[in-house]
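Note sheet for the following structure.
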Amino acid sequence: MRGCAVSFTTITIAREDIMTKAELVKTLKEQARLATNAQAEAAYNGLFNILAETLKKGDSVAIPGFGSFKVVERKARKGRNPRSGEEIAIPASKAVKFTPGKTLKACL
């Protein structure tokens with residue numbers, strides 16, 4: 001892959017659609033050379049708890065080479081019910097936006 005000088009390791013799984021939590025934990029165990037799946041799951045849970053708590057406070061999370069996560073505000077707007085065509089009010093909300101980093105983009 002052109003321009004892909006990163007420490008990300010190629011992960012091969014049996015299915016081509018989605019990597020499940022169990023597959024991710026297993027791969028994390030192998031890549032990090034952890035002794036048990038429980039240790040890998042603890043690392044997995046810890047990482048995502050940190051991400052969630054940081055975003056919940058309204059802060060951004062930047063992982064160099066991979067990308068950044070930030071909370072964005074969505075304004076209230078009008079939409080349509082696809083079945084009836086009736087106009088509905090969609091309330092304001094918050095969402096997490098992911099922006100891939102240069103290195104990750106180069107690897108895709």
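Just so we're on the same page: first chain in the structure tokens is A, next is B, and so on; residues restart at 1 for each chain, and ligands are numbered from 1 in the order they show up.
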DSSP alpha helix (DSSP H) residues within chain A, listed as an MDAnalysis selection string: chainID A and resid 21:31 37:56 102:107
DSSP strand (DSSP E or B) selection over chain A, as a ChimeraX atom specification: /A:61-63,67-74,77-80,87-90,93-100
Residue with smallest distance to Val71 (chain A) - pool A:Thr99, A:Asn37, A:Thr20, A:Asn49, counting only C-alpha atoms: A:Thr99
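Shortest separation to Leu28 (chain A) among A:Leu47, A:Glu41, A:Lys70, A:Pro82 occurs at residue A:Glu41, atoms counted being only C-alpha atoms.
Coordinates place CA of Ala76 (chain A) at a distance of 10.8 Å from CA of Ile88 (chain A).
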Contacts of Ala92 (chain A) within 10 Å, only C-alpha atoms, excl. fewer than 4 positions in-chain, as a ChimeraX atom specification: /A:73-77
Non-local contacts of Ile63 (chain A) (10 Å; only C-alpha atoms; under 6 positions in same chain excluded) as a list in words: Phe69, Pro100 and Gly101 of chain A
Selected residues written out, C-alpha atoms, as a CSV table (one decimal), in the first residue's frame:
chain,number,residue,atom,x,y,z
A,69,PHE,CA,-13.4,11.7,17.8
A,100,PRO,CA,-9.8,9.6,10.1
A,101,GLY,CA,-6.1,10.6,10.3
CA of Cys107 (chain A) to CA of Pro64 (chain A), distance in Å rounded to a single decimal: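 Computed distance, CA of Cys107 (chain A) to CA of Pro64 (chain A), equals 14.1 Å.
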CA of Leu55 (chain A) to CA of Val96 (chain A), distance in Å rounded to a single decimal: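 Result for CA of Leu55 (chain A) versus CA of Val96 (chain A): 7.9 Å, one decimal.
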